[in-house]
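Printed here is work-v2.cif (mmCIF, C-alpha atoms):
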```cif
data_structure
loop_
_atom_site.label_atom_id
_atom_site.label_comp_id
_atom_site.auth_asym_id
_atom_site.auth_seq_id
_atom_site.Cartn_x
_atom_site.Cartn_y
_atom_site.Cartn_z
CA MET V 1 19.94 16.10 24.30
CA SER V 2 17.43 13.62 22.96
CA ALA V 3 14.10 15.06 21.81
CA ILE V 4 12.43 12.26 23.80
CA SER V 5 13.61 10.94 27.17
CA VAL V 6 13.61 7.30 28.20
CA GLY V 7 10.72 7.95 30.59
CA GLN V 8 8.67 9.57 27.86
CA ALA V 9 9.55 6.68 25.55
CA VAL V 10 8.04 4.24 28.07
CA VAL V 11 4.78 6.20 28.18
CA LEU V 12 4.63 6.49 24.39
CA GLY V 13 5.46 2.78 24.04
CA VAL V 14 2.50 1.88 26.26
CA VAL V 15 0.18 4.19 24.30
CA GLU V 16 1.39 2.75 20.99
CA GLY V 17 1.06 -0.85 22.19
CA VAL V 18 -2.46 -0.36 23.53
CA THR V 19 -3.83 1.62 20.59
CA GLU V 20 -2.05 0.35 17.45
CA PHE V 21 -4.49 -2.48 16.77
CA LEU V 22 -7.55 -1.18 18.57
CA PRO V 23 -9.71 0.88 16.17
CA VAL V 24 -9.11 4.10 18.12
CA SER V 25 -6.13 5.65 16.24
CA SER V 26 -2.66 5.08 17.64
CA THR V 27 -1.39 8.14 15.76
CA GLY V 28 -4.05 10.31 17.36
CA HIS V 29 -3.31 9.03 20.85
CA LEU V 30 0.43 9.41 20.36
CA LYS V 31 0.04 13.00 19.19
CA ILE V 32 -2.24 13.83 22.12
CA THR V 33 0.19 12.24 24.58
CA GLU V 34 3.17 14.00 23.02
CA GLY V 35 1.32 17.31 23.19
CA LEU V 36 0.44 16.83 26.87
CA MET V 37 4.10 16.01 27.64
CA GLY V 38 5.30 19.10 25.78
CA ILE V 39 6.89 17.16 22.93
CA PRO V 40 6.59 18.98 19.57
CA VAL V 41 4.32 16.74 17.48
CA ASP V 42 5.62 18.11 14.17
CA ASP V 43 9.32 17.61 15.00
CA LYS V 44 10.88 15.38 12.35
CA SER V 45 12.58 13.14 14.89
CA VAL V 46 9.36 12.76 16.91
CA VAL V 47 7.41 11.74 13.79
CA GLY V 48 10.18 9.24 13.06
CA PHE V 49 10.13 7.93 16.63
CA SER V 50 6.38 7.29 16.43
CA ALA V 51 6.83 5.30 13.21
CA VAL V 52 9.77 3.29 14.56
CA ILE V 53 8.07 2.13 17.79
CA GLN V 54 5.25 0.82 15.60
CA VAL V 55 7.73 -1.88 14.60
CA GLY V 56 7.50 -3.19 18.17
CA ALA V 57 3.75 -3.55 17.77
CA ILE V 58 4.21 -5.23 14.40
CA ALA V 59 6.71 -7.64 15.97
CA ALA V 60 3.95 -8.57 18.43
CA VAL V 61 1.71 -9.47 15.47
CA LEU V 62 4.48 -11.58 13.94
CA VAL V 63 4.91 -13.50 17.19
CA TYR V 64 1.19 -13.83 17.94
CA PHE V 65 0.34 -15.05 14.43
CA PHE V 66 3.62 -16.89 13.87
CA LYS V 67 2.02 -20.20 12.86
CA ASP V 68 -0.39 -18.49 10.46
CA ILE V 69 2.39 -16.44 8.90
CA VAL V 70 4.63 -19.48 8.47
CA ARG V 71 1.74 -21.33 6.82
CA ILE V 72 1.00 -18.48 4.41
CA VAL V 73 4.65 -17.80 3.54
CA SER V 74 5.30 -21.52 3.05
CA ALA V 75 2.32 -21.80 0.72
CA TRP V 76 3.58 -18.78 -1.21
CA GLY V 77 7.03 -20.34 -1.53
CA ARG V 78 5.61 -23.65 -2.72
CA GLY V 79 3.43 -21.87 -5.24
CA LEU V 80 6.42 -20.09 -6.77
CA VAL V 81 7.91 -23.43 -7.83
CA ASN V 82 4.86 -25.68 -8.07
CA ARG V 83 1.93 -24.79 -10.32
CA GLU V 84 -0.50 -27.10 -8.49
CA ALA V 85 0.25 -25.36 -5.19
CA ARG V 86 -0.95 -22.05 -6.66
CA HIS V 87 -4.56 -23.10 -6.19
CA SER V 88 -4.32 -22.88 -2.39
CA HIS V 89 -6.01 -19.96 -0.66
CA ASP V 90 -2.88 -19.23 1.39
CA TYR V 91 -0.74 -18.82 -1.76
CA LYS V 92 -3.26 -16.40 -3.25
CA PHE V 93 -3.65 -14.55 0.05
CA ALA V 94 0.10 -13.89 0.22
CA TRP V 95 -0.01 -12.19 -3.19
CA TRP V 96 -3.12 -10.26 -2.17
CA VAL V 97 -1.33 -8.81 0.86
CA ILE V 98 1.55 -7.71 -1.36
CA ALA V 99 -0.76 -6.14 -3.93
CA ALA V 100 -2.95 -4.48 -1.29
CA THR V 101 0.10 -2.75 0.20
CA ILE V 102 1.04 -0.97 -3.03
CA PRO V 103 -1.65 1.78 -2.88
CA ILE V 104 -0.66 2.98 0.59
CA VAL V 105 3.05 2.96 -0.33
CA VAL V 106 2.42 5.07 -3.44
CA VAL V 107 0.20 7.57 -1.62
CA GLY V 108 2.51 7.66 1.41
CA LEU V 109 5.52 8.63 -0.69
CA ALA V 110 3.62 11.07 -2.91
CA ALA V 111 1.81 12.85 -0.08
CA LYS V 112 4.58 12.81 2.53
CA PRO V 113 4.93 16.63 2.70
CA LEU V 114 1.20 16.93 3.46
CA ILE V 115 1.20 14.00 5.89
CA ASP V 116 4.14 15.42 7.86
CA GLY V 117 2.83 19.00 7.54
CA PRO V 118 -0.76 20.32 7.51
CA LEU V 119 -2.40 16.91 7.97
CA ALA V 120 -0.41 16.28 11.17
CA SER V 121 -2.48 18.95 12.95
CA LEU V 122 -4.30 17.89 16.10
CA TRP V 123 -7.41 19.59 14.69
CA VAL V 124 -7.32 17.02 11.88
CA VAL V 125 -6.85 14.25 14.44
CA ALA V 126 -9.89 15.39 16.45
CA GLY V 127 -12.12 15.66 13.38
CA SER V 128 -10.93 12.33 12.01
CA LEU V 129 -11.62 10.56 15.30
CA ILE V 130 -15.25 11.64 15.21
CA ALA V 131 -15.75 11.16 11.45
CA GLY V 132 -14.19 7.70 11.66
CA SER V 133 -16.54 6.81 14.50
CA GLY V 134 -19.54 7.42 12.24
CA VAL V 135 -18.06 5.21 9.54
CA MET V 136 -17.30 2.43 12.02
CA TRP V 137 -20.78 2.53 13.55
CA ALA V 138 -22.43 2.42 10.11
CA ALA V 139 -20.19 -0.45 8.97
CA ASP V 140 -20.94 -2.52 12.05
CA GLN V 141 -24.67 -1.94 11.67
CA MET V 142 -24.80 -2.52 7.90
CA GLY V 143 -22.48 -5.52 7.75
CA ARG V 144 -24.10 -8.92 7.75
CA HIS V 145 -21.12 -10.63 9.45
CA LYS V 146 -21.67 -13.81 7.44
CA ARG V 147 -18.27 -14.35 5.80
CA GLY V 148 -15.24 -15.89 7.47
CA GLU V 149 -11.51 -15.58 6.82
CA ASP V 150 -11.51 -18.39 4.24
CA ASP V 151 -14.13 -16.51 2.22
CA THR V 152 -11.93 -13.47 1.55
CA SER V 153 -11.10 -12.59 -2.05
CA PHE V 154 -8.63 -10.44 -3.98
CA LYS V 155 -11.27 -7.70 -4.14
CA ASP V 156 -11.67 -7.81 -0.36
CA ALA V 157 -7.93 -7.52 0.20
CA MET V 158 -7.51 -4.61 -2.22
CA LEU V 159 -10.44 -2.64 -0.81
CA VAL V 160 -9.43 -3.23 2.79
CA GLY V 161 -5.74 -2.57 2.07
CA SER V 162 -6.51 0.63 0.16
CA SER V 163 -8.65 1.90 3.04
CA GLN V 164 -5.43 2.32 5.04
CA ILE V 165 -4.89 5.47 2.99
CA LEU V 166 -7.66 7.16 4.98
CA ALA V 167 -5.67 6.79 8.19
CA LEU V 168 -2.49 7.87 6.44
CA LEU V 169 -4.01 11.13 5.22
CA PHE V 170 -6.25 11.76 8.23
CA PRO V 171 -4.46 10.74 11.44
CA GLY V 172 -7.18 10.00 13.93
CA PHE V 173 -9.26 8.02 11.45
CA SER V 174 -7.29 4.92 12.55
CA ARG V 175 -5.70 2.36 10.26
CA SER V 176 -7.33 -0.46 12.22
CA GLY V 177 -10.63 1.38 12.24
CA ALA V 178 -10.55 2.01 8.48
CA THR V 179 -9.60 -1.56 7.57
CA MET V 180 -12.02 -3.20 10.01
CA SER V 181 -14.87 -0.92 8.90
CA THR V 182 -14.23 -1.71 5.24
CA ALA V 183 -14.09 -5.43 5.96
CA LEU V 184 -17.38 -5.24 7.88
CA MET V 185 -19.00 -3.43 4.93
CA LEU V 186 -17.90 -6.38 2.80
CA ASP V 187 -19.89 -8.64 5.18
CA LEU V 188 -16.91 -10.27 6.90
CA ASP V 189 -17.56 -11.25 10.49
CA ARG V 190 -15.83 -9.24 13.21
CA VAL V 191 -13.06 -11.76 13.93
CA ALA V 192 -12.25 -12.18 10.21
CA ALA V 193 -12.25 -8.39 9.77
CA THR V 194 -9.90 -7.98 12.71
CA ARG V 195 -7.47 -10.69 11.57
CA LEU V 196 -7.44 -9.31 8.01
CA SER V 197 -6.61 -5.90 9.43
CA PHE V 198 -3.65 -7.40 11.30
CA PHE V 199 -2.21 -9.20 8.28
CA LEU V 200 -2.57 -6.21 5.94
CA GLY V 201 -0.91 -3.95 8.49
CA ILE V 202 2.31 -5.96 8.72
CA PRO V 203 4.08 -4.81 5.51
CA ALA V 204 2.73 -1.23 5.60
CA LEU V 205 3.67 -0.47 9.20
CA THR V 206 7.01 -2.31 9.06
CA GLY V 207 7.96 -0.40 5.92
CA ALA V 208 6.95 2.92 7.50
CA GLY V 209 9.05 2.22 10.59
CA LEU V 210 12.16 1.30 8.62
CA TYR V 211 11.70 4.30 6.31
CA GLU V 212 11.48 6.73 9.24
CA LEU V 213 14.39 5.20 11.20
CA LYS V 214 16.97 7.53 9.66
CA ASP V 215 14.98 10.61 10.70
CA ALA V 216 14.45 9.34 14.22
CA LEU V 217 18.15 8.63 14.78
CA GLY V 218 19.56 11.48 12.73
CA ALA V 219 17.39 14.32 13.92
CA GLY V 220 17.49 14.17 17.70
CA VAL V 221 16.12 10.94 19.22
CA GLY V 222 18.71 8.81 20.99
CA ALA V 223 19.08 5.07 20.53
CA ALA V 224 18.04 4.31 24.14
CA PRO V 225 14.55 5.90 23.91
CA LEU V 226 13.99 4.16 20.56
CA VAL V 227 14.92 0.75 21.95
CA VAL V 228 12.92 1.19 25.16
CA GLY V 229 9.86 2.52 23.35
CA THR V 230 9.93 -0.33 20.84
CA ILE V 231 10.28 -3.04 23.51
CA VAL V 232 7.46 -1.59 25.62
CA SER V 233 5.30 -1.30 22.52
CA PHE V 234 5.92 -4.98 21.70
CA VAL V 235 4.95 -6.27 25.15
CA VAL V 236 1.83 -4.16 25.48
CA ALA V 237 0.71 -4.75 21.87
CA TYR V 238 0.91 -8.53 22.31
CA ALA V 239 -1.50 -8.36 25.24
CA SER V 240 -3.71 -5.93 23.32
CA ILE V 241 -3.99 -8.28 20.32
CA ALA V 242 -5.01 -11.22 22.51
CA TRP V 243 -7.64 -9.13 24.27
CA LEU V 244 -9.06 -7.62 21.06
CA LEU V 245 -9.62 -10.98 19.33
CA LYS V 246 -11.51 -12.28 22.35
CA PHE V 247 -13.52 -9.06 22.62
CA VAL V 248 -14.71 -8.85 19.00
CA ALA V 249 -15.80 -12.49 19.05
CA LYS V 250 -18.61 -11.57 21.45
CA HIS V 251 -19.11 -7.80 21.21
CA SER V 252 -19.90 -5.10 18.65
CA PHE V 253 -17.64 -2.11 17.95
CA ASN V 254 -20.02 0.31 19.69
CA SER V 255 -17.78 0.80 22.72
CA PHE V 256 -14.92 1.88 20.46
CA VAL V 257 -17.26 4.26 18.62
CA LEU V 258 -18.32 5.96 21.85
CA TYR V 259 -14.74 6.12 23.13
CA ARG V 260 -13.51 7.71 19.89
CA ILE V 261 -16.24 10.37 19.98
CA ALA V 262 -15.39 11.18 23.60
CA VAL V 263 -11.67 11.51 22.84
CA GLY V 264 -12.37 13.61 19.74
CA LEU V 265 -14.61 16.01 21.67
CA LEU V 266 -12.07 16.19 24.51
CA LEU V 267 -9.33 17.02 22.03
CA PHE V 268 -11.43 19.75 20.44
CA GLY V 269 -11.93 21.16 23.94
CA LEU V 270 -8.22 21.06 24.79
CA LEU V 271 -7.32 22.76 21.53
CA GLY V 272 -10.08 25.34 21.78
CA THR V 273 -9.04 26.36 25.31
CA GLY V 274 -5.35 26.49 24.43
CA VAL V 275 -4.34 23.63 26.72
CA LEU V 276 -2.87 21.91 23.64
CA GLU V 277 -1.38 23.52 20.56
CA SER V 278 -2.31 22.05 17.18
#
```
Transcribe the structure of this file into structure tokens.
Amino acid sequence: MSAISVGQAVVLGVVEGVTEFLPVSSTGHLKITEGLMGIPVDDKSVVGFSAVIQVGAIAAVLVYFFKDIVRIVSAWGRGLVNREARHSHDYKFAWWVIAATIPIVVVGLAAKPLIDGPLASLWVVAGSLIAGSGVMWAADQMGRHKRGEDDTSFKDAMLVGSSQILALLFPGFSRSGATMSTALMLDLDRVAATRLSFFLGIPALTGAGLYELKDALGAGVGAAPLVVGTIVSFVVAYASIAWLLKFVAKHSFNSFVLYRIAVGLLLFGLLGTGVLES
């Protein structure tokens, strides 16, 4: 028997697709949903399943930003063989994304026992949701929103990329929330912060999904739920990306802050009353 049914995979795929790129913590929402459906959140195959269906969301980013990605990768390729081409911002940006991914890979491998163990607790998720809300609100208020995507630097990429570690260690903090908040603190405008978050998430989340694939398949999740969950995640995430970019162009992050606090308090309530087990 698969640890996750096809029907459950559809639900989890929708949750992943909606929440992966919104600054509300996809990991937190997946764990809450799994808990409500009676799926053991600390099961090795379930943890692997959650990481694998993220690849569907990442595929949505690749499709949505296909032209941008081709432009950046092409500039990187030209720069490898042509010294003059190395002055382009796209060539430098490609290297920045690679460099900014290294910290989260190192921490992810070194701290894996903690990430899959004590830090996977729903109590941690609830606390991180609320703590991350405070950081996001402060970043949105403090940021001057005066710098665009073309103004990003190596320092920006490294700081924003390294902030993904917060979400890795404290599920509920939100990878998108951490990266967007950091970018806002660096005075990037909301659209630039959001797009930078997308680009920096591609290698980290793709790598995590591929790394966890063996656990998902080998420890109790069938191929059918994995495929269905990933496809659903892709479709829903594509729509979510399009909506988010339009939303942040005209609105602050305050609605996400309030939503995160509400979910965090609700989760504390569910855990405190025994409706959910941590």
Residue by residue, what does the PyMOL selection byres ((chain V and resi 75) around 10) grab here? Present the result as a short mmCIF file (atom, residue, chain, number, x, y, z; two decimals) with C-alpha atoms, keeping the file's coordinate frame.
```cif
data_model
loop_
_atom_site.label_atom_id
_atom_site.label_comp_id
_atom_site.auth_asym_id
_atom_site.auth_seq_id
_atom_site.Cartn_x
_atom_site.Cartn_y
_atom_site.Cartn_z
CA ILE V 69 2.39 -16.44 8.90
CA VAL V 70 4.63 -19.48 8.47
CA ARG V 71 1.74 -21.33 6.82
CA ILE V 72 1.00 -18.48 4.41
CA VAL V 73 4.65 -17.80 3.54
CA SER V 74 5.30 -21.52 3.05
CA TRP V 76 3.58 -18.78 -1.21
CA GLY V 77 7.03 -20.34 -1.53
CA ARG V 78 5.61 -23.65 -2.72
CA GLY V 79 3.43 -21.87 -5.24
CA LEU V 80 6.42 -20.09 -6.77
CA ASN V 82 4.86 -25.68 -8.07
CA ALA V 85 0.25 -25.36 -5.19
CA ARG V 86 -0.95 -22.05 -6.66
CA HIS V 87 -4.56 -23.10 -6.19
CA SER V 88 -4.32 -22.88 -2.39
CA HIS V 89 -6.01 -19.96 -0.66
CA ASP V 90 -2.88 -19.23 1.39
CA TYR V 91 -0.74 -18.82 -1.76
CA LYS V 92 -3.26 -16.40 -3.25
CA PHE V 93 -3.65 -14.55 0.05
CA ALA V 94 0.10 -13.89 0.22
#
```
Polymer residues at most 10 Å from Leu226 (chain V), all atoms listed in the file, same-chain spacing of 3 or more positions, as a PyMOL selection string: chain V and resi 4-6+9-10+13+48-50+52-53+213+216-217+221-223+229-231
Distance of CA of Gln164 (chain V) from CA of Leu184 (chain V), expressed in Å to one decimal place: 14.4 Å
Tell me which protein, DNA and RNA residues are within 8 Å of Ile165 (chain V), counting all atoms listed in the file, leaving out same-chain ones fewer than 6 positions away, and put them as a PDB file with C-alpha atoms, keeping the file's coordinate frame.
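Output contents, as saved in out_19.pdb:
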```
ATOM      1  CA  PRO V 103      -1.650   1.780  -2.880  1.00  0.00           C
ATOM      2  CA  ILE V 104      -0.660   2.980   0.590  1.00  0.00           C
ATOM      3  CA  VAL V 107       0.200   7.570  -1.620  1.00  0.00           C
ATOM      4  CA  GLY V 108       2.510   7.660   1.410  1.00  0.00           C
ATOM      5  CA  ARG V 175      -5.700   2.360  10.260  1.00  0.00           C
TER       6      ARG V 175
END
```
Pairwise distance for CA of Ile98 (chain V) and CA of Gly209 (chain V), rounded to one decimal in Å: 17.3 Å
Expansion of the PyMOL selection byres ((chain V and resi 14-17) around 7) into residues, as a PDB file with C-alpha atoms, in the frame of the given file:
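In the end it all went to expr13.pdb:
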```
ATOM      1  CA  VAL V  10       8.040   4.240  28.070  1.00  0.00           C
ATOM      2  CA  VAL V  11       4.780   6.200  28.180  1.00  0.00           C
ATOM      3  CA  LEU V  12       4.630   6.490  24.390  1.00  0.00           C
ATOM      4  CA  GLY V  13       5.460   2.780  24.040  1.00  0.00           C
ATOM      5  CA  VAL V  18      -2.460  -0.360  23.530  1.00  0.00           C
ATOM      6  CA  THR V  19      -3.830   1.620  20.590  1.00  0.00           C
ATOM      7  CA  GLU V  20      -2.050   0.350  17.450  1.00  0.00           C
ATOM      8  CA  SER V  26      -2.660   5.080  17.640  1.00  0.00           C
ATOM      9  CA  HIS V  29      -3.310   9.030  20.850  1.00  0.00           C
ATOM     10  CA  LEU V  30       0.430   9.410  20.360  1.00  0.00           C
ATOM     11  CA  GLN V  54       5.250   0.820  15.600  1.00  0.00           C
ATOM     12  CA  ALA V  57       3.750  -3.550  17.770  1.00  0.00           C
ATOM     13  CA  VAL V 232       7.460  -1.590  25.620  1.00  0.00           C
ATOM     14  CA  SER V 233       5.300  -1.300  22.520  1.00  0.00           C
ATOM     15  CA  PHE V 234       5.920  -4.980  21.700  1.00  0.00           C
ATOM     16  CA  VAL V 236       1.830  -4.160  25.480  1.00  0.00           C
ATOM     17  CA  ALA V 237       0.710  -4.750  21.870  1.00  0.00           C
TER      18      ALA V 237
END
```
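With all atoms listed in the file as the atoms that count, the residue of V:Val63, V:Met158, V:Leu122, V:Val55 with the shortest distance to Pro40 (chain V) is V:Leu122.
With CA of Val257 (chain V) on one side and CA of Val106 (chain V) on the other, the separation reads 29.6 Å.
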Within-10 Å shell of (-5.1, 20.0, 14.3) in input frame, only C-alpha atoms, as a PyMOL selection string: chain V and resi 31+118-128+171+267-268+271+276-278
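For the set V:Leu244, V:Ala193, V:Ala131, V:Ala3, the residue with the smallest atom-to-atom gap to Val47 (chain V) is V:Ala3, counting all atoms listed in the file.
Excluding Ala204 (chain V) and any residue on its chain fewer than 4 positions from it, the residues at most 8 Å away by all atoms listed in the file are Thr101, Ile104, Val105, Leu200 and Ala208 of chain V.
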Spell out the residues picked by the PyMOL selection byres ((chain V and resi 134) around 12) here, as a PDB file with C-alpha atoms, keeping the file's coordinate frame.
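Result file follows (part02.pdb):
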```
ATOM      1  CA  GLY V 127     -12.120  15.660  13.380  1.00  0.00           C
ATOM      2  CA  SER V 128     -10.930  12.330  12.010  1.00  0.00           C
ATOM      3  CA  LEU V 129     -11.620  10.560  15.300  1.00  0.00           C
ATOM      4  CA  ILE V 130     -15.250  11.640  15.210  1.00  0.00           C
ATOM      5  CA  ALA V 131     -15.750  11.160  11.450  1.00  0.00           C
ATOM      6  CA  GLY V 132     -14.190   7.700  11.660  1.00  0.00           C
ATOM      7  CA  SER V 133     -16.540   6.810  14.500  1.00  0.00           C
ATOM      8  CA  VAL V 135     -18.060   5.210   9.540  1.00  0.00           C
ATOM      9  CA  MET V 136     -17.300   2.430  12.020  1.00  0.00           C
ATOM     10  CA  TRP V 137     -20.780   2.530  13.550  1.00  0.00           C
ATOM     11  CA  ALA V 138     -22.430   2.420  10.110  1.00  0.00           C
ATOM     12  CA  ALA V 139     -20.190  -0.450   8.970  1.00  0.00           C
ATOM     13  CA  ASP V 140     -20.940  -2.520  12.050  1.00  0.00           C
ATOM     14  CA  GLN V 141     -24.670  -1.940  11.670  1.00  0.00           C
ATOM     15  CA  PHE V 173      -9.260   8.020  11.450  1.00  0.00           C
ATOM     16  CA  GLY V 177     -10.630   1.380  12.240  1.00  0.00           C
ATOM     17  CA  ALA V 178     -10.550   2.010   8.480  1.00  0.00           C
ATOM     18  CA  SER V 181     -14.870  -0.920   8.900  1.00  0.00           C
ATOM     19  CA  PHE V 253     -17.640  -2.110  17.950  1.00  0.00           C
ATOM     20  CA  ASN V 254     -20.020   0.310  19.690  1.00  0.00           C
ATOM     21  CA  PHE V 256     -14.920   1.880  20.460  1.00  0.00           C
ATOM     22  CA  VAL V 257     -17.260   4.260  18.620  1.00  0.00           C
ATOM     23  CA  LEU V 258     -18.320   5.960  21.850  1.00  0.00           C
ATOM     24  CA  TYR V 259     -14.740   6.120  23.130  1.00  0.00           C
ATOM     25  CA  ARG V 260     -13.510   7.710  19.890  1.00  0.00           C
ATOM     26  CA  ILE V 261     -16.240  10.370  19.980  1.00  0.00           C
TER      27      ILE V 261
END
```
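Of the listed residues (V:Leu205, V:Ala157, V:Leu168, V:Val61), V:Ala157 comes nearest to Thr182 (chain V); the distances count only C-alpha atoms.
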For Gly38 (chain V), the nearest of the candidates V:Leu114, V:Ala59, V:Val248, V:Val275, counting all atoms listed in the file: V:Val275
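Proximity of V:Ile202, V:Ala167, V:Ala249, V:Ala183 to Gly28 (chain V), computed with only C-alpha atoms, is greatest for V:Ala167.
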Nearest residue to Thr179 (chain V) from the set V:Gly201, V:Gly117, V:Pro225, V:Gly7 (distances using only C-alpha atoms): V:Gly201
Grab all the atoms of region 60-75 of chain V that the file lists, wrap them in a box along x, y and z, add 4 Å per side, and give me centre plus edge lengths in Å (one decimal) as lines of an AutoDock Vina configuration file.
```
center_x = 2.5
center_y = -15.2
center_z = 9.6
size_x = 13.7
size_y = 21.2
size_z = 25.7
```
